[in-house]
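Have a look at my_file_6.csv; it's CSV, C-alpha atoms:
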```
chain,number,residue,atom,x,y,z
A,205,MET,CA,-32.8,-28.6,39.8
A,206,GLN,CA,-30.6,-27.2,42.6
A,207,GLU,CA,-27.5,-27.3,40.3
A,208,LEU,CA,-29.4,-25.6,37.5
A,209,LYS,CA,-30.6,-22.9,40.0
A,210,LYS,CA,-27.1,-22.3,41.1
A,211,GLN,CA,-25.9,-21.9,37.5
A,212,LEU,CA,-28.7,-19.5,36.8
A,213,GLU,CA,-28.0,-17.4,39.9
A,214,GLU,CA,-24.3,-17.2,38.9
A,215,LEU,CA,-25.2,-16.2,35.4
A,216,ARG,CA,-27.7,-13.6,36.8
A,217,GLN,CA,-24.9,-12.0,38.8
A,218,LYS,CA,-22.6,-11.9,35.8
A,219,ILE,CA,-25.3,-10.2,33.8
A,220,ALA,CA,-25.8,-7.6,36.6
A,221,SER,CA,-22.1,-7.0,36.7
A,222,ALA,CA,-21.8,-6.5,33.0
A,223,MET,CA,-24.7,-4.1,32.9
A,224,GLU,CA,-23.1,-2.1,35.6
A,225,ALA,CA,-19.8,-2.1,33.7
A,226,ILE,CA,-21.4,-0.7,30.5
A,227,GLY,CA,-23.3,1.9,32.6
A,228,ILE,CA,-26.8,0.7,31.6
A,229,THR,CA,-28.5,3.3,33.9
A,230,GLN,CA,-26.5,6.1,32.2
A,231,LEU,CA,-27.4,4.7,28.8
A,232,VAL,CA,-31.1,4.7,29.6
A,233,ARG,CA,-30.8,8.4,30.8
A,234,GLU,CA,-29.0,9.3,27.6
A,235,TYR,CA,-31.7,7.6,25.5
A,236,GLU,CA,-34.5,9.4,27.4
A,237,LYS,CA,-32.7,12.7,26.9
A,238,LEU,CA,-32.2,12.2,23.2
A,239,HIS,CA,-35.8,10.9,22.8
A,240,GLY,CA,-37.1,14.0,24.4
A,241,GLN,CA,-35.3,16.1,21.8
A,242,THR,CA,-37.1,14.2,19.0
A,243,LEU,CA,-40.4,15.3,20.4
A,244,GLU,CA,-39.6,19.0,20.1
A,245,SER,CA,-41.4,20.9,17.3
A,246,ASN,CA,-38.2,22.2,15.7
A,247,PHE,CA,-36.4,18.8,15.8
A,248,TRP,CA,-36.1,18.5,12.0
A,249,SER,CA,-35.2,22.1,11.4
A,250,ASP,CA,-31.6,20.9,11.3
A,251,ALA,CA,-31.8,17.7,9.2
A,252,SER,CA,-28.2,16.7,9.6
A,253,LYS,CA,-28.3,17.0,13.4
A,254,ALA,CA,-31.7,15.2,13.5
A,255,GLN,CA,-30.3,12.3,11.5
A,256,GLU,CA,-27.3,12.0,13.8
A,257,ILE,CA,-29.5,12.0,16.9
A,258,SER,CA,-31.8,9.4,15.4
A,259,LYS,CA,-28.8,7.2,14.6
A,260,GLN,CA,-27.6,7.5,18.2
A,261,LEU,CA,-31.1,6.7,19.5
A,262,SER,CA,-31.2,3.6,17.3
A,263,GLY,CA,-27.9,2.3,18.6
A,264,LEU,CA,-28.7,3.0,22.2
A,265,GLU,CA,-32.1,1.4,21.9
A,266,LYS,CA,-30.6,-1.8,20.4
A,267,ARG,CA,-27.9,-2.0,23.1
A,268,ILE,CA,-30.2,-1.4,26.0
A,269,ASP,CA,-32.9,-3.7,24.7
A,270,LEU,CA,-30.4,-6.6,24.3
A,271,TRP,CA,-29.2,-6.4,27.9
A,272,GLN,CA,-32.7,-5.9,29.4
A,273,ARG,CA,-34.1,-8.8,27.5
A,274,LEU,CA,-31.2,-10.9,28.7
A,275,GLU,CA,-31.8,-9.9,32.3
A,276,LYS,CA,-35.5,-10.6,32.0
A,277,ALA,CA,-35.0,-14.0,30.4
A,278,CYS,CA,-32.7,-15.0,33.2
A,279,ASP,CA,-35.1,-13.8,35.9
A,280,ASP,CA,-38.0,-15.6,34.2
A,281,THR,CA,-36.1,-18.9,34.0
A,282,LEU,CA,-35.0,-18.6,37.7
A,283,GLU,CA,-38.6,-18.1,38.6
A,284,LEU,CA,-39.6,-21.2,36.7
A,285,VAL,CA,-36.9,-23.2,38.4
A,286,ALA,CA,-38.0,-22.1,41.8
A,287,PHE,CA,-41.6,-23.1,41.2
A,288,GLY,CA,-41.2,-25.8,38.5
A,289,ASP,CA,-41.0,-29.6,38.9
A,290,ASP,CA,-38.3,-32.1,37.9
A,291,GLN,CA,-40.1,-32.9,34.7
A,292,MET,CA,-39.3,-29.4,33.4
A,293,GLU,CA,-35.6,-29.7,34.1
A,294,ASP,CA,-34.5,-30.7,30.6
A,295,GLU,CA,-36.5,-27.8,29.0
A,296,LEU,CA,-35.1,-25.3,31.5
A,297,GLU,CA,-31.6,-26.6,31.0
A,298,VAL,CA,-31.9,-25.8,27.3
A,299,GLN,CA,-33.3,-22.4,28.1
A,300,TYR,CA,-30.3,-21.7,30.4
A,301,LYS,CA,-27.8,-22.7,27.7
A,302,ARG,CA,-29.5,-20.4,25.3
A,303,ILE,CA,-29.3,-17.4,27.7
A,304,LYS,CA,-25.7,-18.2,28.5
A,305,LYS,CA,-24.8,-18.3,24.8
A,306,ASP,CA,-26.4,-14.9,24.3
A,307,PHE,CA,-24.6,-13.5,27.3
A,308,ASP,CA,-21.2,-14.9,26.2
A,309,GLN,CA,-21.7,-13.1,22.9
A,310,GLN,CA,-22.7,-9.9,24.5
A,311,ALA,CA,-20.0,-10.1,27.2
A,312,PHE,CA,-17.4,-10.6,24.5
A,313,GLU,CA,-18.4,-7.2,23.0
A,314,LEU,CA,-17.5,-5.6,26.3
A,315,ALA,CA,-13.9,-6.0,25.2
A,316,TYR,CA,-14.5,-3.4,22.5
A,317,ASN,CA,-13.7,-0.5,24.8
A,318,GLY,CA,-11.1,1.3,22.8
A,319,PRO,CA,-11.4,5.1,22.1
A,320,HIS,CA,-12.9,4.5,18.6
A,321,ASP,CA,-14.3,0.9,18.9
A,322,LYS,CA,-17.9,2.2,18.7
A,323,SER,CA,-17.1,4.3,15.6
A,324,ASN,CA,-18.1,3.6,12.0
A,325,VAL,CA,-15.2,2.9,9.6
A,326,ILE,CA,-13.5,4.0,6.5
A,327,VAL,CA,-11.8,1.1,4.7
A,328,ASP,CA,-9.1,1.7,2.0
A,329,ILE,CA,-8.2,-1.3,-0.2
A,330,TYR,CA,-5.1,-1.1,-2.4
A,331,ALA,CA,-3.9,-3.7,-5.0
A,332,GLY,CA,-0.2,-4.5,-4.3
A,333,ALA,CA,2.4,-6.7,-5.9
A,334,GLY,CA,1.0,-9.1,-8.5
A,335,GLY,CA,-0.2,-7.0,-11.4
A,336,THR,CA,-3.7,-7.9,-12.7
A,337,ASP,CA,-4.0,-10.8,-10.2
A,338,ALA,CA,-3.5,-8.3,-7.4
A,339,GLN,CA,-6.1,-6.0,-8.8
A,340,ASP,CA,-8.5,-8.9,-9.0
A,341,TRP,CA,-7.6,-9.9,-5.4
A,342,ALA,CA,-8.4,-6.3,-4.2
A,343,SER,CA,-11.8,-6.5,-5.8
A,344,MET,CA,-12.4,-9.9,-4.1
A,345,LEU,CA,-11.6,-8.3,-0.7
A,346,LEU,CA,-13.9,-5.4,-1.4
A,347,ARG,CA,-16.7,-7.9,-2.1
A,348,MET,CA,-15.8,-9.9,1.1
A,349,TYR,CA,-16.1,-6.8,3.3
A,350,VAL,CA,-19.4,-5.7,1.7
A,351,ARG,CA,-20.8,-9.2,2.2
A,352,TRP,CA,-19.7,-9.2,5.9
A,353,ALA,CA,-21.3,-5.8,6.5
A,354,GLU,CA,-24.6,-6.9,4.9
A,355,ALA,CA,-24.7,-10.0,7.1
A,356,HIS,CA,-24.4,-7.7,10.2
A,357,ASP,CA,-27.1,-5.3,9.2
A,358,ALA,CA,-24.4,-2.7,8.6
A,359,LYS,CA,-24.5,-0.2,5.7
A,360,ALA,CA,-21.6,-0.4,3.3
A,361,MET,CA,-21.1,2.4,0.7
A,362,ILE,CA,-18.4,2.6,-1.9
A,363,ILE,CA,-17.1,6.2,-1.7
A,364,ALA,CA,-14.3,6.0,-4.4
A,365,GLN,CA,-13.0,3.3,-6.7
A,366,SER,CA,-10.3,3.1,-9.3
A,367,ASP,CA,-10.7,0.2,-11.7
A,368,GLY,CA,-7.9,-1.9,-13.1
A,369,GLU,CA,-7.1,-1.8,-16.8
A,370,GLU,CA,-7.9,-5.5,-17.4
A,371,ALA,CA,-9.8,-6.6,-14.3
A,372,GLY,CA,-10.4,-5.8,-10.6
A,373,ILE,CA,-9.6,-2.5,-8.9
A,374,LYS,CA,-6.4,-0.6,-8.2
A,375,SER,CA,-8.0,0.9,-5.1
A,376,ALA,CA,-11.3,1.5,-3.4
A,377,THR,CA,-12.6,3.4,-0.4
A,378,ILE,CA,-15.7,2.2,1.4
A,379,GLU,CA,-17.6,3.5,4.4
A,380,ILE,CA,-19.3,0.9,6.7
A,381,ASP,CA,-21.8,2.1,9.3
A,382,GLY,CA,-23.0,-0.2,12.1
A,383,ASP,CA,-22.7,-1.3,15.7
A,384,LEU,CA,-19.2,-1.5,17.1
A,385,ILE,CA,-17.9,-1.7,13.5
A,386,TYR,CA,-14.4,-0.3,14.1
A,387,GLY,CA,-13.9,-2.5,17.2
A,388,LYS,CA,-14.7,-5.6,15.1
A,389,MET,CA,-12.9,-4.6,11.9
A,390,LYS,CA,-9.7,-3.1,13.2
A,391,GLY,CA,-8.0,-6.5,13.1
A,392,GLU,CA,-8.4,-6.5,9.3
A,393,HIS,CA,-5.8,-3.8,9.0
A,394,GLY,CA,-2.7,-5.0,7.1
A,395,VAL,CA,-1.5,-6.9,4.1
A,396,HIS,CA,-3.6,-9.9,2.8
A,397,ARG,CA,-1.9,-12.5,0.6
A,398,LEU,CA,-3.6,-14.7,-2.0
A,399,VAL,CA,-2.1,-17.8,-3.6
A,400,ARG,CA,-4.0,-19.4,-6.5
A,401,LEU,CA,-3.8,-20.6,-10.1
A,402,SER,CA,-3.9,-17.4,-12.1
A,403,PRO,CA,-7.0,-16.9,-14.2
A,404,PHE,CA,-5.1,-14.2,-16.2
A,405,ASN,CA,-2.2,-16.5,-17.2
A,406,ALA,CA,-2.5,-18.7,-20.3
A,407,ASP,CA,-0.5,-21.4,-18.6
A,408,SER,CA,-2.5,-21.2,-15.3
A,409,LEU,CA,0.6,-20.8,-13.3
A,410,ARG,CA,0.4,-20.4,-9.5
A,411,GLN,CA,0.4,-16.7,-8.6
A,412,THR,CA,1.0,-14.9,-5.3
A,413,SER,CA,-0.8,-11.6,-5.0
A,414,PHE,CA,-1.0,-9.0,-2.3
A,415,ALA,CA,-3.5,-6.3,-1.3
A,416,LYS,CA,-3.4,-3.9,1.5
A,417,VAL,CA,-6.4,-3.1,3.7
A,418,VAL,CA,-6.4,0.0,5.9
A,419,ILE,CA,-9.1,0.2,8.6
A,420,MET,CA,-9.8,3.7,10.0
A,421,PRO,CA,-12.4,5.0,12.5
A,422,LYS,CA,-14.7,7.4,10.7
A,423,ILE,CA,-14.0,10.9,12.3
A,424,ASP,CA,-17.1,13.0,11.7
A,425,THR,CA,-16.3,15.7,14.3
A,426,PRO,CA,-13.6,18.3,13.2
A,427,ASP,CA,-12.6,18.8,16.9
A,428,GLU,CA,-11.4,15.2,17.2
A,429,VAL,CA,-8.5,15.8,14.7
A,430,ALA,CA,-7.5,19.5,14.5
A,431,ILE,CA,-6.3,20.4,11.0
A,432,ASP,CA,-4.9,23.8,10.2
A,433,ASP,CA,-6.5,25.2,7.0
A,434,LYS,CA,-3.1,26.5,5.8
A,435,ASP,CA,-1.9,23.0,5.7
A,436,LEU,CA,-4.5,22.0,3.1
A,437,LYS,CA,-4.4,22.3,-0.6
A,438,VAL,CA,-7.9,22.1,-2.2
A,439,ASP,CA,-8.2,21.4,-6.0
A,440,VAL,CA,-11.5,21.4,-7.8
A,441,TYR,CA,-11.8,19.7,-11.2
A,442,ARG,CA,-14.3,18.2,-13.6
A,443,ALA,CA,-15.7,14.8,-12.4
A,444,GLY,CA,-15.3,11.9,-14.7
A,445,GLY,CA,-16.7,8.4,-14.9
A,446,HIS,CA,-20.1,7.4,-13.4
A,447,GLY,CA,-22.6,9.8,-12.0
A,448,GLY,CA,-24.7,11.1,-14.9
A,449,GLN,CA,-24.3,13.8,-17.6
A,450,SER,CA,-24.6,16.7,-15.2
A,451,VAL,CA,-21.7,15.4,-13.0
A,452,ASN,CA,-19.5,15.2,-16.0
A,453,THR,CA,-20.3,18.8,-17.0
A,454,THR,CA,-19.7,20.5,-13.6
A,455,ASP,CA,-16.6,21.2,-11.5
A,456,SER,CA,-17.9,18.9,-8.7
A,457,ALA,CA,-14.8,16.7,-8.0
A,458,VAL,CA,-12.6,17.7,-5.1
A,459,ARG,CA,-9.1,16.7,-4.2
A,460,ILE,CA,-7.7,17.7,-0.7
A,461,THR,CA,-4.0,17.3,0.0
A,462,HIS,CA,-2.6,17.6,3.5
A,463,ILE,CA,0.7,19.2,2.7
A,464,PRO,CA,2.8,18.2,5.8
A,465,THR,CA,2.1,14.5,5.3
A,466,GLY,CA,1.3,14.3,1.6
A,467,ILE,CA,-1.9,12.5,2.2
A,468,SER,CA,-4.4,13.2,-0.6
A,469,VAL,CA,-8.1,12.4,-0.9
A,470,ALA,CA,-10.0,12.8,-4.1
A,471,ILE,CA,-13.8,12.4,-4.2
A,472,GLN,CA,-16.2,12.8,-7.1
A,473,ASN,CA,-19.2,10.6,-6.1
A,474,GLU,CA,-21.6,13.4,-5.2
A,475,ARG,CA,-23.2,15.9,-7.5
A,476,SER,CA,-22.4,18.7,-5.1
A,477,GLN,CA,-18.9,20.1,-4.7
A,478,LEU,CA,-19.7,20.9,-1.0
A,479,GLN,CA,-20.7,17.2,-0.4
A,480,ASN,CA,-17.6,16.0,-2.0
A,481,LYS,CA,-15.5,18.3,0.1
A,482,GLU,CA,-17.2,17.2,3.3
A,483,THR,CA,-16.7,13.6,2.4
A,484,ALA,CA,-13.0,14.2,1.5
A,485,MET,CA,-12.4,16.0,4.9
A,486,THR,CA,-14.0,13.1,6.8
A,487,ILE,CA,-11.7,10.6,5.1
A,488,LEU,CA,-8.7,12.9,5.6
A,489,ARG,CA,-9.4,13.2,9.3
A,490,SER,CA,-9.9,9.5,9.6
A,491,ARG,CA,-6.5,8.8,7.9
A,492,LEU,CA,-4.7,11.3,10.1
A,493,ALA,CA,-6.3,9.9,13.2
A,494,THR,CA,-5.1,6.4,12.2
A,495,MET,CA,-1.6,7.8,11.6
A,496,LEU,CA,-1.6,9.6,15.0
A,497,GLU,CA,-2.3,6.2,16.7
A,498,GLU,CA,0.2,4.3,14.6
A,499,GLN,CA,3.0,6.8,15.2
A,500,HIS,CA,2.1,7.5,18.8
A,501,LYS,CA,1.8,11.2,18.2
A,502,GLU,CA,-0.5,13.7,20.0
A,503,LYS,CA,-0.7,16.4,17.3
A,504,VAL,CA,-1.2,16.3,13.5
A,505,ASP,CA,1.8,18.6,13.0
A,506,GLU,CA,4.1,16.0,14.5
A,507,LEU,CA,3.2,13.4,11.9
A,508,LYS,CA,5.6,12.0,9.4
A,509,GLY,CA,4.3,11.1,5.9
A,510,PRO,CA,2.9,7.6,5.4
A,511,SER,CA,5.4,4.9,4.2
A,512,GLN,CA,3.0,2.6,2.5
A,513,SER,CA,5.5,0.5,0.6
A,514,ALA,CA,7.4,-0.3,3.8
A,515,GLU,CA,4.4,-2.1,5.1
A,516,TRP,CA,3.9,-4.6,2.2
A,517,GLY,CA,5.9,-7.2,4.0
A,518,ASN,CA,3.5,-6.9,7.0
A,519,GLN,CA,1.1,-9.6,5.9
A,520,ILE,CA,-1.5,-10.6,8.5
A,521,ARG,CA,-3.3,-13.3,6.7
A,522,SER,CA,-2.8,-15.8,3.8
A,523,TYR,CA,-5.6,-17.2,1.6
A,524,VAL,CA,-4.4,-20.3,-0.3
A,525,LEU,CA,-6.6,-21.7,-3.1
A,526,HIS,CA,-3.8,-23.9,-4.6
A,527,PRO,CA,-2.3,-26.5,-4.1
A,528,TYR,CA,-4.5,-26.8,-1.0
A,529,LYS,CA,-7.3,-24.7,0.5
A,530,GLN,CA,-6.6,-22.7,3.6
A,531,VAL,CA,-7.1,-19.3,5.2
A,532,LYS,CA,-4.6,-18.7,8.0
A,533,ASP,CA,-4.3,-15.6,10.2
A,534,LEU,CA,-0.6,-15.2,11.1
A,535,ARG,CA,-1.3,-13.4,14.4
A,536,SER,CA,-4.0,-15.5,16.0
A,537,LYS,CA,-3.0,-18.7,14.2
A,538,TYR,CA,-6.6,-19.4,13.4
A,539,GLU,CA,-7.1,-21.4,10.2
A,540,THR,CA,-9.8,-22.9,8.1
A,541,SER,CA,-10.0,-24.9,4.9
A,542,ASP,CA,-13.3,-23.3,3.9
A,543,VAL,CA,-11.8,-20.5,1.9
A,544,GLN,CA,-14.9,-19.7,-0.1
A,545,LYS,CA,-17.0,-19.3,3.0
A,546,VAL,CA,-14.5,-16.6,4.2
A,547,LEU,CA,-14.4,-14.9,0.8
A,548,ASP,CA,-18.2,-14.8,0.9
A,549,GLY,CA,-18.0,-12.7,4.1
A,550,ASP,CA,-17.9,-15.2,7.0
A,551,LEU,CA,-15.2,-13.3,8.9
A,552,ASP,CA,-16.6,-13.7,12.4
A,553,PRO,CA,-14.4,-16.7,13.5
A,554,LEU,CA,-11.3,-14.7,12.3
A,555,ILE,CA,-12.4,-11.6,14.1
A,556,THR,CA,-13.2,-13.5,17.3
A,557,ALA,CA,-9.8,-15.3,17.2
A,558,TYR,CA,-8.0,-12.0,16.8
A,559,GLN,CA,-9.9,-10.4,19.6
A,560,GLU,CA,-9.2,-13.3,21.9
A,561,GLN,CA,-5.5,-13.1,21.0
A,562,THR,CA,-5.2,-9.4,21.8
A,563,MET,CA,-6.9,-9.9,25.1
A,564,GLN,CA,-4.4,-12.5,26.3
```
Using structure tokens, write down the structure that the file contains.
Amino acid sequence: MQELKKQLEELRQKIASAMEAIGITQLVREYEKLHGQTLESNFWSDASKAQEISKQLSGLEKRIDLWQRLEKACDDTLELVAFGDDQMEDELEVQYKRIKKDFDQQAFELAYNGPHDKSNVIVDIYAGAGGTDAQDWASMLLRMYVRWAEAHDAKAMIIAQSDGEEAGIKSATIEIDGDLIYGKMKGEHGVHRLVRLSPFNADSLRQTSFAKVVIMPKIDTPDEVAIDDKDLKVDVYRAGGHGGQSVNTTDSAVRITHIPTGISVAIQNERSQLQNKETAMTILRSRLATMLEEQHKEKVDELKGPSQSAEWGNQIRSYVLHPYKQVKDLRSKYETSDVQKVLDGDLDPLITAYQEQTMQ
């Protein structure tokens, strides 16, 4: 029992140090302050602000509760060790291992301390070289990320999608909202390569296809990325495709072009032109923020236009379905033969391996 007590005391100290590192006391104060605002009579007079505060509260509550429960579980187990007998040792050992596993998982998330790691994300997926196979591959990646989001209680919403002529998609933009989503997903940014027997070839020849995934922090606040209105070109046009008859008969679709960089965002999902414009501006800010980070610039007006084609050789991961089965990340060197499990959204081992590699 003495060795188990020593292990628990060491773990308890690690938990205390981690809680101090994340500023748990400040988080509790912030939660109490925001909760007080929800009790005010005019809280819902500004629905947008109220929803944002409610979302912040939910995230804070979840984070605080996880650490407080971990702390209490360790304290309770230490107490049992102090007053228990040797017959309880096996049971308490199991309890210790469970607490340590939970702590290791929580402590790993402390590494997500980048400026946008706690942000939600905007994900762009583009079909690359490979024709119809590449467009089908892009749709498989879209499904993979939606499945991963659902498994993590995150909300995934398709904002824009351009379908391929025969199958799959030419491109898609999705928004994923959840806890530490950008921190977890930023390693997915890059070119993804698929090797398989083509289902679109009569001879079932082996085909190599490429798709590009762009991971951007969702920038809701205009102040975070200052954009001069004179640098924007806004076009309004009739929405087409899905959305109902009224959408197709109103000028609700919006295209915003950032003239200096040439970045263009077109949105037609919402019935309201104003909603489409707000969504387009959010995506534009997110794309510019990502460019600022990639090009190491401080101001938007210093940016050069994106060079998307130059990045196609930058593959980060290969997915091979023939002649053998393997997913291999070329940065972390992590690999697995269970390709289907990965394509069904089990990305956590890949995400963890990438995070560990960047921490070295």
### Query
Contacts of A:Met361 at 8 Å or less, counting only C-alpha atoms, minus same-chain residues fewer than 6 places along, as a PyMOL selection string?
chain A and resi 378-380
#### Entry: Minimum-distance residue to A:Tyr349, chosen among A:Ala251, A:Ile419, A:Leu436, A:Leu284 (using all atoms listed in the file)
A:Ile419
#### Entry: Residue among A:Gln260, A:Thr556, A:Ser245, A:Gln291 lying closest to A:Met205, counting all atoms listed in the file
A:Gln291
#### Entry: For A:Ala470: contacts at 8 Å, only C-alpha atoms, fewer than 6 positions along chain excluded, given as number ranges by chain
A: 457-460, 484
For C-alpha atoms, I'd like the residues from the last selection saved as a PDB file, in the frame of the given file.
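Just written: part_15.pdb:
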```
ATOM      1  CA  ALA A 457     -14.800  16.700  -8.000  1.00  0.00           C
ATOM      2  CA  VAL A 458     -12.600  17.700  -5.100  1.00  0.00           C
ATOM      3  CA  ARG A 459      -9.100  16.700  -4.200  1.00  0.00           C
ATOM      4  CA  ILE A 460      -7.700  17.700  -0.700  1.00  0.00           C
ATOM      5  CA  ALA A 484     -13.000  14.200   1.500  1.00  0.00           C
TER       6      ALA A 484
END
```
### Summary
Residue with the minimum atom-to-atom distance to A:Glu482, picked from A:Val469, A:Val429, A:Met389, A:Leu212 with all atoms listed in the file counted, is A:Val469
### Task
Take the point (-3.3, -16.5, -3.9) as written in the file and pick out every residue within 10 Å of it, counting only C-alpha atoms; give the list as a PyMOL selection string.
chain A and resi 334+337-338+341+396-402+410-414+522-526
### Task
Would you list the contacts of stretch 531-538 of chain A as a ChimeraX atom specification, taking every protein, DNA or RNA residue within 12 Å and counting only C-alpha atoms, but skipping same-chain residues closer than 6 positions in sequence?
/A:391-399,518-525,544-547,550-564
### Query
Once you count only C-alpha atoms, which residues end up no further than 12 Å from (-26.0, -0.9, 32.6) in the file's frame, shown as a list in words?
Lys218, Ile219, Ala220, Ser221, Ala222, Met223, Glu224, Ala225, Ile226, Gly227, Ile228, Thr229, Gln230, Leu231, Val232, Arg233, Glu234, Leu264, Arg267, Ile268, Asp269, Leu270, Trp271, Gln272, Leu274, Glu275 and Leu314 of chain A
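Between atom CA of A:Ala358 and atom CA of A:Glu244 lies a distance of 28.9 Å.
For the atom pair formed by atom CA of A:Asp505 and atom CA of A:Leu488, the distance is 14.1 Å, given to one decimal.
The interatomic distance for the pair atom CA of A:Asp381 and atom CA of A:Ile326 works out to 9.0 Å.
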Box dimensions and centre (Å, one decimal) enclosing stretch 372-377 of chain A, axis-aligned, 8 Å extra per side, as AutoDock Vina command-line options:
```
--center_x -9.5 --center_y -1.2 --center_z -5.5 --size_x 22.2 --size_y 25.2 --size_z 26.2
```
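Closest approach to A:Gln310 among A:Ile423, A:Ser252, A:Phe404, A:Leu384: A:Leu384, based on all atoms listed in the file.
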### Task
Determine the nearest neighbour of A:Ala355 from the options A:Ile487, A:Phe307, A:Asp435, A:Gly549, counting all atoms listed in the file.
A:Gly549
